[in-house]
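**Student:** The structure is given below, and queries will be raised subsequently.
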Amino acid sequence: MLEKYIKAALKETECDVLLKNGSYVNLFDGEVEEGDIAIKDDRIVGIGKGYKGKTEYDITGMTVIPGLIDGHVHIESSQSTPEEFAAMIVPHGTTTIIADPHELANVLGMNGIHYVVEAAKNVPLDIKVQLSSCVPATPFETSGAILNGDDIAKNITDKDINGLGEFMAYPSVIGCDPDTLKKLEATHEADKVIDGHAPLLQGDQLNGYLCGGIMTDHESITIDEMKEKISKGVYTHLRVGSYTRSMDLVKAITPWNYRRVLLCTDDKHAAEIKKNGHLDDALRRVVATASVIEAPSHLSISLTSSSWITSKTSTPRWSSKMASSSPKTENLSLTPARDISLTSSRTPST
Ligand SMILES: [Zn+2]
């Protein structure tokens with residue numbers, strides 16, 4: 001199996017697809033570089049000159065970027081189906097989403113989650129489905145469904161489940177509610193990620209919450225809060241959706257902590273996606289915000305597929321290209337996306 005990739009990389013055999021004469025964002029060294037991109041099956045086998053492809057595209061003037069990853073999103077907030085959602089966001093460069101079907105689960109329980117799992121198998125979008133953790137979110141809700149600790153323990157091992165969705169009932173974690181701990185411990189045993197949701201939680205309470213094994217958070221409200229969460233190892237989402245745009249939190253990002261900062265939309269309505277885009281819109285907003293901030297990033301900020309990169313040298317070039325919305329560039333960003341995603345099964349928000 002490997003032989004065909006080695007042969008193609010050595011130019012002894014033809015590649016399937018060749019993207020010629022363009023530039024690409026190199027996430028390993030933080031530069032925008034030039035070179036033909038040779039693709040065999042679903043992977044990039046080489047970048048350079050002299051490759052031949054069964055299908056070749058001249059991408060002169062375009063820049064290839066990795067597929068964008070929405071680290072936390074509720075598809076149902078767009079008021080569309082997973083299929084429709086994929087059709088809307090893939091053309092904008094998003095190739096992977098971490099989806100928590102919380103609103104569906106609130107009404108339909110596991111049937112709602114299974115619906116998304118099955119739909120995810122038929123779309124050209126990598127949908128990683130989280131098992132909704134807090135159904136209902138509070139005891140006062142009357143939506144109907146309940147997923148207790150036994151339900152979570154029973155379903156978290158499902159191979160189609162990526163992890164546990166945002167654990168918004170943080171008082172139950174801190175209060176060591178037995179059913180809550182059962183959910184968390186079952187997820188640990190399954191060796192899967194746990195997303196968080198803890199607005200304004202800091203100090204000892206944050207310490208206690210994190211001891212539950214929660215790995216991410218997208219609810220920071222203040223810069224100080226976000227910095228503290230990052231300092232304690234939390235993968236912190238910068239949320240740029242329809243209802244919350246945490247642009248001020250860009251100031252919390254530093255050259256030391258940027259790899260703990262991820263992008264997410266959380267909730268974004270279909271009409272706004274159609275009007276402004278998806279994560280490409282988030283990128284443009286963040287780059288525009290970063291460009292007017294004097295410190296702490298002290299230069300501008302660019303986004304990789306799963307984290308942030310600060311660059312002292314080539315950033316203006318990145319920024320101007322990413323900040324402009326060229327249809328050509330958006331389409332092209334899709335082709336090699338999955339091949340160079342820097343994610344692992346244990347990396348949230350990938
Ligand atoms: Zn959410």
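Residue names in the structure tokens use chain letters A, B, ... in the order shown, residue numbers from 1 in each chain, and ligand numbers from 1 in the order shown.
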Counting only C-alpha atoms and all ligand atoms, what residues are within 9 Å of ligand 1, given as a list in words?

**Tutor:** His72, Val73, His74, Ala99, Asp100, His102, Gly165, Glu166, Met168, His197, His218, Glu219, Thr265, Asp266 and Asp267 of chain A

**Student:** Counting only C-alpha atoms, what is within 12 Å of segment 240-249 of chain A, bar same-chain residues fewer than 4 positions away, as a VMD selection string?

**Tutor:** chain A and resid 70 to 75 77 to 78 218 to 227 236 253 to 254 258 261 to 293 296 to 297

**Student:** Using only C-alpha atoms, which of A:Pro124, A:Gly112, A:Gly208, A:Gly46 sits nearest Met88 of chain A?

**Tutor:**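 Among A:Pro124, A:Gly112, A:Gly208, A:Gly46, it is A:Pro124 that comes nearest to Met88 of chain A.
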
**Student:** What's the separation between atom CA of Gly53 of chain A and atom CA of Lys20 of chain A, in Å to one decimal place?

**Tutor:**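 Between atom CA of Gly53 of chain A and atom CA of Lys20 of chain A the gap is 9.7 Å.
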
**Student:** Excluding segment 182-192 of chain A and residues on its chain fewer than 5 positions from it, collect all residues at most 9 Å away from it, counting only C-alpha atoms, and give them as a count of residues only.

**Tutor:** 21

**Student:** Work out how far apart atom CA of Pro66 of chain A and atom CA of Asp36 of chain A are and give it in Å to one decimal.

**Tutor:**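 Here the two named atoms are 15.1 Å from each other.
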
**Student:** If you run DSSP on the backbone here, which positions in segment 58-118 of chain A get alpha helix (DSSP H)? Please write them as a PyMOL selection string.

**Tutor:** chain A and resi 82-89+102-108+110-118

**Student:** Do a neighbour search on Ala87 of chain A at 9 Å with only C-alpha atoms, toss out local chain neighbours closer than 3 positions, and write the hits as a PyMOL selection string.

**Tutor:** chain A and resi 82-84+90-91+123-125
